[in-house]
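Source file: query-v6.csv; contents: CSV, C-alpha atoms and all ligand atoms.
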```
chain,number,residue,atom,x,y,z
A,1,MET,CA,-54.0,95.2,128.6
A,2,THR,CA,-50.4,96.0,129.4
A,3,LYS,CA,-49.8,97.9,132.6
A,4,VAL,CA,-46.7,99.8,133.6
A,5,GLU,CA,-46.0,100.8,137.1
A,6,TYR,CA,-43.4,103.3,138.3
A,7,LYS,CA,-43.1,105.0,141.7
A,8,HIS,CA,-46.5,103.7,142.9
A,9,THR,CA,-48.2,105.0,139.8
A,10,GLU,CA,-49.7,102.4,137.5
A,11,ILE,CA,-51.1,103.2,134.1
A,12,ALA,CA,-52.7,101.0,131.4
A,13,VAL,CA,-50.5,101.6,128.4
A,14,LYS,CA,-52.2,103.4,125.6
A,15,LYS,CA,-50.9,102.2,122.3
A,16,LYS,CA,-52.5,105.1,120.4
A,17,PHE,CA,-50.4,107.5,122.5
A,18,GLY,CA,-47.2,105.6,121.5
A,19,GLN,CA,-46.4,104.8,125.1
A,20,ASN,CA,-43.0,103.0,125.2
A,21,PHE,CA,-41.1,104.2,128.2
A,22,LEU,CA,-37.3,104.5,128.3
A,23,THR,CA,-35.7,102.6,131.1
A,24,ASP,CA,-32.0,103.3,130.6
A,25,ARG,CA,-30.7,106.3,132.5
A,26,ASN,CA,-27.4,106.4,130.6
A,27,ILE,CA,-29.2,106.7,127.3
A,28,CYS,CA,-31.3,109.6,128.7
A,29,ARG,CA,-28.1,111.4,129.8
A,30,LYS,CA,-26.6,110.8,126.4
A,31,ILE,CA,-29.6,112.3,124.7
A,32,VAL,CA,-29.5,115.3,127.0
A,33,LEU,CA,-25.7,115.7,126.5
A,34,SER,CA,-26.2,115.7,122.7
A,35,ALA,CA,-28.7,118.5,123.0
A,36,GLU,CA,-26.1,120.7,124.7
A,37,ILE,CA,-28.6,122.2,127.2
A,38,GLU,CA,-27.2,125.3,129.0
A,39,LYS,CA,-28.4,127.3,131.9
A,40,ASN,CA,-29.9,130.0,129.7
A,41,ASP,CA,-31.9,127.6,127.6
A,42,ARG,CA,-35.7,127.3,127.5
A,43,VAL,CA,-36.7,123.7,127.0
A,44,LEU,CA,-39.9,122.2,125.8
A,45,GLU,CA,-40.3,118.5,126.2
A,46,ILE,CA,-42.9,116.5,124.1
A,47,GLY,CA,-44.5,113.6,125.9
A,48,PRO,CA,-42.5,113.3,129.2
A,49,GLY,CA,-44.3,110.0,130.2
A,50,PHE,CA,-42.8,108.9,133.5
A,51,GLY,CA,-40.1,111.5,133.3
A,52,ALA,CA,-37.1,109.5,132.1
A,53,LEU,CA,-35.8,112.3,129.9
A,54,THR,CA,-37.3,115.0,132.1
A,55,SER,CA,-35.1,114.2,135.1
A,56,ALA,CA,-32.0,114.1,132.9
A,57,ILE,CA,-33.0,117.5,131.4
A,58,LEU,CA,-33.4,118.9,134.9
A,59,GLU,CA,-29.8,118.0,135.7
A,60,ALA,CA,-28.8,120.5,133.1
A,61,SER,CA,-30.7,123.2,134.9
A,62,PRO,CA,-32.3,125.0,132.0
A,63,LYS,CA,-33.7,128.5,132.6
A,64,SER,CA,-37.3,127.4,132.0
A,65,PHE,CA,-38.7,123.9,131.3
A,66,THR,CA,-42.2,123.1,130.0
A,67,ALA,CA,-43.5,119.6,129.2
A,68,VAL,CA,-46.6,118.8,127.2
A,69,GLU,CA,-48.2,115.4,128.0
A,70,LYS,CA,-51.5,114.2,126.6
A,71,ASP,CA,-52.1,111.4,129.1
A,72,ARG,CA,-53.9,112.8,132.1
A,73,ALA,CA,-52.4,110.4,134.6
A,74,LEU,CA,-48.9,111.0,133.3
A,75,ALA,CA,-49.3,114.8,133.3
A,76,ALA,CA,-50.4,114.5,136.9
A,77,PHE,CA,-47.4,112.3,137.7
A,78,ILE,CA,-44.9,114.7,136.2
A,79,ARG,CA,-46.5,117.7,138.0
A,80,LYS,CA,-46.2,115.9,141.3
A,81,GLU,CA,-42.7,114.4,140.7
A,82,PHE,CA,-41.0,117.5,139.2
A,83,SER,CA,-42.4,120.6,140.7
A,84,SER,CA,-40.1,123.0,138.8
A,85,VAL,CA,-41.5,121.8,135.4
A,86,LYS,CA,-44.4,123.6,134.0
A,87,VAL,CA,-46.7,120.8,132.8
A,88,ILE,CA,-49.3,121.3,130.1
A,89,GLU,CA,-51.8,118.5,129.9
A,90,GLY,CA,-52.7,118.5,126.2
A,91,ASP,CA,-51.9,117.6,122.7
A,92,PHE,CA,-48.6,118.8,121.4
A,93,LEU,CA,-50.1,119.2,117.9
A,94,THR,CA,-52.5,121.9,119.1
A,95,ILE,CA,-50.2,123.9,121.4
A,96,ASP,CA,-49.2,127.4,120.5
A,97,ILE,CA,-45.4,127.4,120.0
A,98,PRO,CA,-45.1,131.2,119.4
A,99,ASP,CA,-47.0,131.8,122.7
A,100,LEU,CA,-44.7,129.4,124.6
A,101,SER,CA,-41.6,131.0,123.1
A,102,ALA,CA,-42.7,134.6,123.9
A,103,GLU,CA,-39.7,135.0,126.2
A,104,GLY,CA,-37.2,133.3,123.9
A,105,PRO,CA,-36.7,130.5,121.4
A,106,LEU,CA,-37.0,126.9,122.6
A,107,LYS,CA,-34.9,123.8,122.6
A,108,ILE,CA,-37.2,121.0,121.9
A,109,MET,CA,-36.6,117.5,123.4
A,110,GLY,CA,-38.7,114.4,123.2
A,111,ASN,CA,-38.9,110.7,122.8
A,112,ILE,CA,-41.9,111.2,120.5
A,113,PRO,CA,-44.9,109.0,119.9
A,114,TYR,CA,-44.3,107.1,116.7
A,115,SER,CA,-47.7,107.4,115.2
A,116,ILE,CA,-47.5,111.2,115.0
A,117,THR,CA,-43.9,111.7,114.1
A,118,SER,CA,-44.6,113.4,110.8
A,119,PRO,CA,-47.2,115.9,112.1
A,120,ILE,CA,-44.8,116.7,115.0
A,121,LEU,CA,-41.8,117.2,112.6
A,122,PHE,CA,-43.9,119.5,110.3
A,123,LYS,CA,-45.3,121.5,113.2
A,124,LEU,CA,-41.7,122.1,114.4
A,125,LEU,CA,-40.7,123.0,110.8
A,126,ASP,CA,-43.5,125.5,110.5
A,127,ASN,CA,-42.5,127.0,113.9
A,128,ARG,CA,-38.8,126.9,113.3
A,129,LYS,CA,-38.3,130.7,113.9
A,130,ASN,CA,-39.1,130.0,117.5
A,131,ILE,CA,-36.8,127.0,117.8
A,132,VAL,CA,-33.1,126.8,118.5
A,133,SER,CA,-32.8,123.0,118.1
A,134,GLU,CA,-34.7,119.8,118.3
A,135,THR,CA,-33.3,116.6,119.8
A,136,LEU,CA,-35.8,113.9,119.2
A,137,MET,CA,-35.9,110.1,119.5
A,138,MET,CA,-38.0,108.4,116.9
A,139,GLN,CA,-38.4,105.1,115.0
A,140,HIS,CA,-35.0,104.2,113.6
A,141,GLU,CA,-36.3,104.0,110.0
A,142,VAL,CA,-37.8,107.4,110.1
A,143,ALA,CA,-34.6,108.9,111.5
A,144,GLN,CA,-32.7,107.3,108.6
A,145,ARG,CA,-35.2,108.9,106.2
A,146,LEU,CA,-34.8,112.3,107.8
A,147,ALA,CA,-31.0,112.3,107.5
A,148,ALA,CA,-30.8,110.4,104.2
A,149,LYS,CA,-28.3,111.3,101.4
A,150,PRO,CA,-29.1,111.3,97.7
A,151,ASN,CA,-29.1,108.0,95.8
A,152,THR,CA,-30.2,105.9,98.7
A,153,LYS,CA,-33.6,104.3,99.1
A,154,GLU,CA,-34.3,106.3,102.2
A,155,TYR,CA,-33.8,109.7,100.4
A,156,GLY,CA,-37.2,111.2,99.6
A,157,ILE,CA,-39.7,113.9,100.3
A,158,LEU,CA,-39.1,114.0,104.1
A,159,ALA,CA,-35.3,114.3,103.7
A,160,VAL,CA,-35.4,117.1,101.1
A,161,GLN,CA,-38.2,119.1,102.8
A,162,LEU,CA,-36.4,118.9,106.2
A,163,GLN,CA,-32.8,119.3,105.1
A,164,THR,CA,-33.6,122.3,102.9
A,165,PHE,CA,-34.7,124.3,106.0
A,166,CYS,CA,-32.7,122.6,108.8
A,167,GLU,CA,-29.4,120.9,109.5
A,168,VAL,CA,-30.3,117.3,110.2
A,169,SER,CA,-27.9,114.9,112.0
A,170,TYR,CA,-28.5,111.3,112.8
A,171,LEU,CA,-26.9,110.8,116.2
A,172,PHE,CA,-27.2,107.2,117.4
A,173,LYS,CA,-29.4,104.1,117.5
A,174,VAL,CA,-31.3,103.0,120.6
A,175,SER,CA,-32.3,99.3,120.9
A,176,ARG,CA,-35.9,98.4,121.4
A,177,LYS,CA,-34.8,96.4,124.4
A,178,VAL,CA,-34.5,99.5,126.6
A,179,PHE,CA,-38.2,100.4,126.5
A,180,ARG,CA,-41.1,99.2,128.5
A,181,PRO,CA,-43.3,97.8,127.0
A,182,LYS,CA,-40.8,96.7,124.3
A,183,PRO,CA,-41.8,98.2,120.8
A,184,ASP,CA,-41.5,96.2,117.6
A,185,VAL,CA,-38.8,98.5,116.2
A,186,ASP,CA,-35.5,100.1,117.2
A,187,SER,CA,-35.2,103.9,117.7
A,188,ALA,CA,-32.7,106.6,116.9
A,189,VAL,CA,-31.9,110.0,118.1
A,190,VAL,CA,-31.8,112.9,115.6
A,191,ASN,CA,-30.7,116.5,116.0
A,192,ILE,CA,-32.4,119.2,113.9
A,193,ILE,CA,-31.2,122.8,113.8
A,194,PRO,CA,-33.3,125.3,111.8
A,195,ARG,CA,-31.4,127.6,109.5
A,196,THR,CA,-32.4,130.7,107.5
A,197,THR,CA,-32.6,130.1,103.7
A,198,SER,CA,-33.5,132.2,100.7
A,199,LEU,CA,-36.4,129.8,100.1
A,200,ASP,CA,-38.1,130.7,103.4
A,201,GLU,CA,-40.5,133.0,101.6
A,202,ASN,CA,-41.5,130.3,99.1
A,203,GLU,CA,-41.6,127.4,101.4
A,204,LYS,CA,-45.1,126.1,100.6
A,205,ALA,CA,-44.5,126.2,96.9
A,206,PHE,CA,-41.1,124.5,97.4
A,207,ARG,CA,-42.6,121.7,99.4
A,208,ARG,CA,-45.2,121.2,96.7
A,209,PHE,CA,-42.5,121.1,94.1
A,210,VAL,CA,-40.5,118.4,96.0
A,211,ARG,CA,-43.7,116.3,96.4
A,212,THR,CA,-44.3,116.6,92.6
A,213,ALA,CA,-40.6,115.8,91.8
A,214,PHE,CA,-40.9,112.5,93.8
A,215,SER,CA,-44.5,111.7,92.8
A,216,GLN,CA,-43.4,108.6,90.8
A,217,ARG,CA,-39.9,107.6,92.1
A,218,ARG,CA,-38.9,105.6,89.1
A,219,LYS,CA,-39.8,108.4,86.6
A,220,THR,CA,-37.5,111.2,85.5
A,221,LEU,CA,-37.8,114.8,86.7
A,222,GLN,CA,-39.0,115.7,83.3
A,223,ASN,CA,-41.9,113.3,83.5
A,224,ASN,CA,-42.9,114.1,87.0
A,225,LEU,CA,-42.7,117.9,86.7
A,226,LYS,CA,-43.8,118.6,83.2
A,227,LYS,CA,-47.6,118.8,83.9
A,228,ASN,CA,-47.2,121.5,86.6
A,229,TYR,CA,-44.1,123.4,85.6
A,230,ASP,CA,-42.6,125.1,82.5
A,231,LEU,CA,-39.4,123.2,82.0
A,232,SER,CA,-38.4,124.6,78.6
A,233,LYS,CA,-35.6,126.8,79.8
A,234,VAL,CA,-34.1,124.7,82.6
A,235,THR,CA,-30.3,124.5,82.5
A,236,SER,CA,-29.3,124.0,86.2
A,237,VAL,CA,-30.2,120.3,86.3
A,238,ASP,CA,-30.4,117.5,83.7
A,239,LEU,CA,-34.1,116.6,83.7
A,240,THR,CA,-33.5,113.0,82.6
A,241,ARG,CA,-32.2,112.4,86.1
A,242,ARG,CA,-34.5,111.1,88.8
A,243,ALA,CA,-35.4,113.1,91.9
A,244,GLU,CA,-33.6,110.7,94.2
A,245,SER,CA,-30.2,111.7,92.6
A,246,LEU,CA,-30.5,115.4,93.3
A,247,SER,CA,-28.7,117.0,96.2
A,248,ILE,CA,-30.4,119.5,98.5
A,249,ASP,CA,-28.7,122.3,96.6
A,250,ASP,CA,-29.8,120.9,93.3
A,251,PHE,CA,-33.4,121.0,94.4
A,252,SER,CA,-33.1,124.6,95.5
A,253,SER,CA,-31.4,125.7,92.3
A,254,LEU,CA,-34.0,123.9,90.1
A,255,PHE,CA,-36.9,125.3,92.1
A,256,ARG,CA,-35.5,128.9,91.9
A,257,GLU,CA,-35.0,128.5,88.2
A,258,ILE,CA,-38.5,127.2,87.6
A,259,SER,CA,-40.1,129.8,89.9
A,260,SER,CA,-38.4,132.7,88.2
A,261,LEU,CA,-39.3,131.3,84.7
A,262,ALA,CA,-42.9,130.9,85.8
A,263,GLY,CA,-42.9,134.4,87.5
B,301,LIG,C1,-42.6,107.2,123.5
B,301,LIG,S1,-43.4,107.8,125.0
B,301,LIG,C2,-42.0,108.5,125.7
B,301,LIG,C3,-42.2,108.8,127.2
B,301,LIG,C4,-41.0,109.3,128.0
B,301,LIG,N1,-40.5,110.6,127.4
B,301,LIG,C5,-39.9,108.3,127.9
B,301,LIG,O1,-38.9,108.5,127.2
B,301,LIG,O2,-39.9,107.3,128.6
B,301,LIG,C6,-44.4,109.1,124.3
B,301,LIG,C7,-45.1,110.0,125.3
B,301,LIG,O3,-45.8,111.0,124.6
B,301,LIG,C8,-47.2,111.1,125.1
B,301,LIG,N2,-48.0,111.6,124.0
B,301,LIG,C9,-48.6,110.8,123.0
B,301,LIG,N3,-49.3,111.6,122.2
B,301,LIG,C10,-49.0,112.9,122.6
B,301,LIG,C11,-49.5,114.2,122.1
B,301,LIG,N4,-50.2,114.3,121.0
B,301,LIG,N5,-49.1,115.3,122.8
B,301,LIG,C12,-48.3,115.2,123.9
B,301,LIG,N6,-47.9,114.0,124.4
B,301,LIG,C13,-48.3,112.9,123.8
B,301,LIG,C14,-47.5,109.7,125.6
B,301,LIG,O4,-48.5,109.7,126.6
B,301,LIG,C15,-46.1,109.3,126.2
B,301,LIG,O5,-46.0,109.7,127.5
```

Reformat the file's structure so that it appears as structure tokens.
Amino acid sequence: MTKVEYKHTEIAVKKKFGQNFLTDRNICRKIVLSAEIEKNDRVLEIGPGFGALTSAILEASPKSFTAVEKDRALAAFIRKEFSSVKVIEGDFLTIDIPDLSAEGPLKIMGNIPYSITSPILFKLLDNRKNIVSETLMMQHEVAQRLAAKPNTKEYGILAVQLQTFCEVSYLFKVSRKVFRPKPDVDSAVVNIIPRTTSLDENEKAFRRFVRTAFSQRRKTLQNNLKKNYDLSKVTSVDLTRRAESLSIDDFSSLFREISSLAG
């Protein structure tokens, strides 16, 4: 069993909670700087752990600061160490974001547990009306997939579903060497800014459409889509192309065209 000790608090590291703690203060500051936190901001941190990011966020003096930590011992540690932070001991995946943002939209920060990266990203996507921005550290490969451009092997469902509804920027890579215990992979920091789009009303159907378009990567759009959609009058995109070659705008245009044909 790996144990980590910090300021007289020792915990047995829980792999299932994705516990790899950042040890480099400069990187913490760089993450917080890139989030551009200002005095009027309301910050929500996912998984503060031993507070590496928490203390850097506090230096920016946000108006309000809530942290959600699932590990009981760590939640107690943060409560004791940072009295001005409101600590929720619980699972980020079950917290009520509209409730937490009742007084204003949130800036989300976090070095997030790898095993639940996708559920976290989709929870944030679903709640984006209550969110100003997200500055998140995650596994490097996932960060690349989020920010990927067409015609690359990383470009797929995650990139199209996220980039359609948000501006996604890959910021910088963080070596595995600055974590304790050391993970098997490097990390990267990503910035996500929700935007309003004309597809907001049809988001569920659009996300289904993207999954279908990519269902068999090597097949053409025609082959992947024909079972579920009427393609007979499509003109916006050449259907002999593969999903991986379409830009974010191409996906939106094709979806709009197919939806209005179906409607
Ligand atoms: C990668 S560590 C990062 C810790 C700290 N922010 C740092 O950078 O050193 C992830 C943190 O998220 C916590 N965590 C794991 N699953 C969680 C969940 N579902 N909800 C809230 N926190 C969670 C872990 O206990 C751990 O403290």

(request) Extract, using all atoms listed in the file, all DNA, RNA and protein residues at most 8 Å from Tyr170 in chain A, discarding same-chain residues fewer than 5 positions from it, and format them as a PyMOL selection string. (result) chain A and resi 143-144+147+188-191

Would you mind exporting C-alpha atoms of the selected residues as a PDB file, in the frame of the given file?
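Saved to out39.pdb:
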```
ATOM      1  CA  ALA A 143     -34.600 108.900 111.500  1.00  0.00           C
ATOM      2  CA  GLN A 144     -32.700 107.300 108.600  1.00  0.00           C
ATOM      3  CA  ALA A 147     -31.000 112.300 107.500  1.00  0.00           C
ATOM      4  CA  ALA A 188     -32.700 106.600 116.900  1.00  0.00           C
ATOM      5  CA  VAL A 189     -31.900 110.000 118.100  1.00  0.00           C
ATOM      6  CA  VAL A 190     -31.800 112.900 115.600  1.00  0.00           C
ATOM      7  CA  ASN A 191     -30.700 116.500 116.000  1.00  0.00           C
TER       8      ASN A 191
END
```

Residues within 8 Å of range 31-47 of chain A, please, as an mmCIF file with C-alpha atoms, in the coordinates of the input. Count only C-alpha atoms; anything in the same chain fewer than 3 positions from it doesn't count.
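Once everything was written out, this is part_33.cif:
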```cif
data_model
loop_
_atom_site.group_PDB
_atom_site.id
_atom_site.type_symbol
_atom_site.label_atom_id
_atom_site.label_comp_id
_atom_site.auth_asym_id
_atom_site.auth_seq_id
_atom_site.Cartn_x
_atom_site.Cartn_y
_atom_site.Cartn_z
ATOM 1 C CA ILE A 27 -29.200 106.700 127.300
ATOM 2 C CA CYS A 28 -31.300 109.600 128.700
ATOM 3 C CA LEU A 53 -35.800 112.300 129.900
ATOM 4 C CA THR A 54 -37.300 115.000 132.100
ATOM 5 C CA ALA A 56 -32.000 114.100 132.900
ATOM 6 C CA ILE A 57 -33.000 117.500 131.400
ATOM 7 C CA ALA A 60 -28.800 120.500 133.100
ATOM 8 C CA SER A 61 -30.700 123.200 134.900
ATOM 9 C CA PRO A 62 -32.300 125.000 132.000
ATOM 10 C CA LYS A 63 -33.700 128.500 132.600
ATOM 11 C CA SER A 64 -37.300 127.400 132.000
ATOM 12 C CA PHE A 65 -38.700 123.900 131.300
ATOM 13 C CA THR A 66 -42.200 123.100 130.000
ATOM 14 C CA ALA A 67 -43.500 119.600 129.200
ATOM 15 C CA VAL A 68 -46.600 118.800 127.200
ATOM 16 C CA GLU A 69 -48.200 115.400 128.000
ATOM 17 C CA LYS A 70 -51.500 114.200 126.600
ATOM 18 C CA PHE A 92 -48.600 118.800 121.400
ATOM 19 C CA GLY A 104 -37.200 133.300 123.900
ATOM 20 C CA PRO A 105 -36.700 130.500 121.400
ATOM 21 C CA LEU A 106 -37.000 126.900 122.600
ATOM 22 C CA LYS A 107 -34.900 123.800 122.600
ATOM 23 C CA ILE A 108 -37.200 121.000 121.900
ATOM 24 C CA MET A 109 -36.600 117.500 123.400
ATOM 25 C CA GLY A 110 -38.700 114.400 123.200
ATOM 26 C CA ASN A 111 -38.900 110.700 122.800
ATOM 27 C CA ILE A 112 -41.900 111.200 120.500
ATOM 28 C CA PRO A 113 -44.900 109.000 119.900
ATOM 29 C CA SER A 133 -32.800 123.000 118.100
ATOM 30 C CA GLU A 134 -34.700 119.800 118.300
ATOM 31 C CA THR A 135 -33.300 116.600 119.800
ATOM 32 C CA VAL A 189 -31.900 110.000 118.100
ATOM 33 C CA ASN A 191 -30.700 116.500 116.000
#
```

(request) Figure out the distance between CA of Ala148 in chain A and CA of Ser259 in chain A, please, to one decimal in Å. (result) 25.8 Å

(message) Counting all atoms listed in the file, which residue out of A:Ser187, A:Asn130, A:Thr152, A:Ser101 sits closest to ligand LIG 301 (chain B)?
(response) A:Ser187

(request) Using only C-alpha atoms and all ligand atoms, find the one residue out of A:Ser236, A:Asn228, A:Thr23, A:Thr212 that sits nearest to ligand LIG 301 (chain B). (result) A:Thr23

(request) Kindly indicate which residue among A:Phe179, A:Lys129, A:Val142, A:Val174 lies nearest to Ile193 in chain A, using all atoms listed in the file for the distances. (result)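 Ranking A:Phe179, A:Lys129, A:Val142, A:Val174 by distance to Ile193 in chain A, first place goes to A:Lys129.
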
(message) Using only C-alpha atoms for the distances, tell me which of A:Lys15, A:Arg217, A:Arg29, A:Arg208 is nearest to Glu59 in chain A.
(response)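 Result for the nearest residue to Glu59 in chain A: A:Arg29.
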
(request) Could you please give me, as a list in words, the residues of protein, DNA or RNA lying at most 12 Å from (-31.7, 95.3, 124.6) in the coordinate frame of the file, considering all atoms listed in the file? (result)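 The answer, in the requested form, is Leu22, Thr23, Asp24, Ile27, Lys173, Val174, Ser175, Arg176, Lys177, Val178, Phe179, Arg180, Lys182, Pro183, Val185, Asp186 and Ser187 of chain A.
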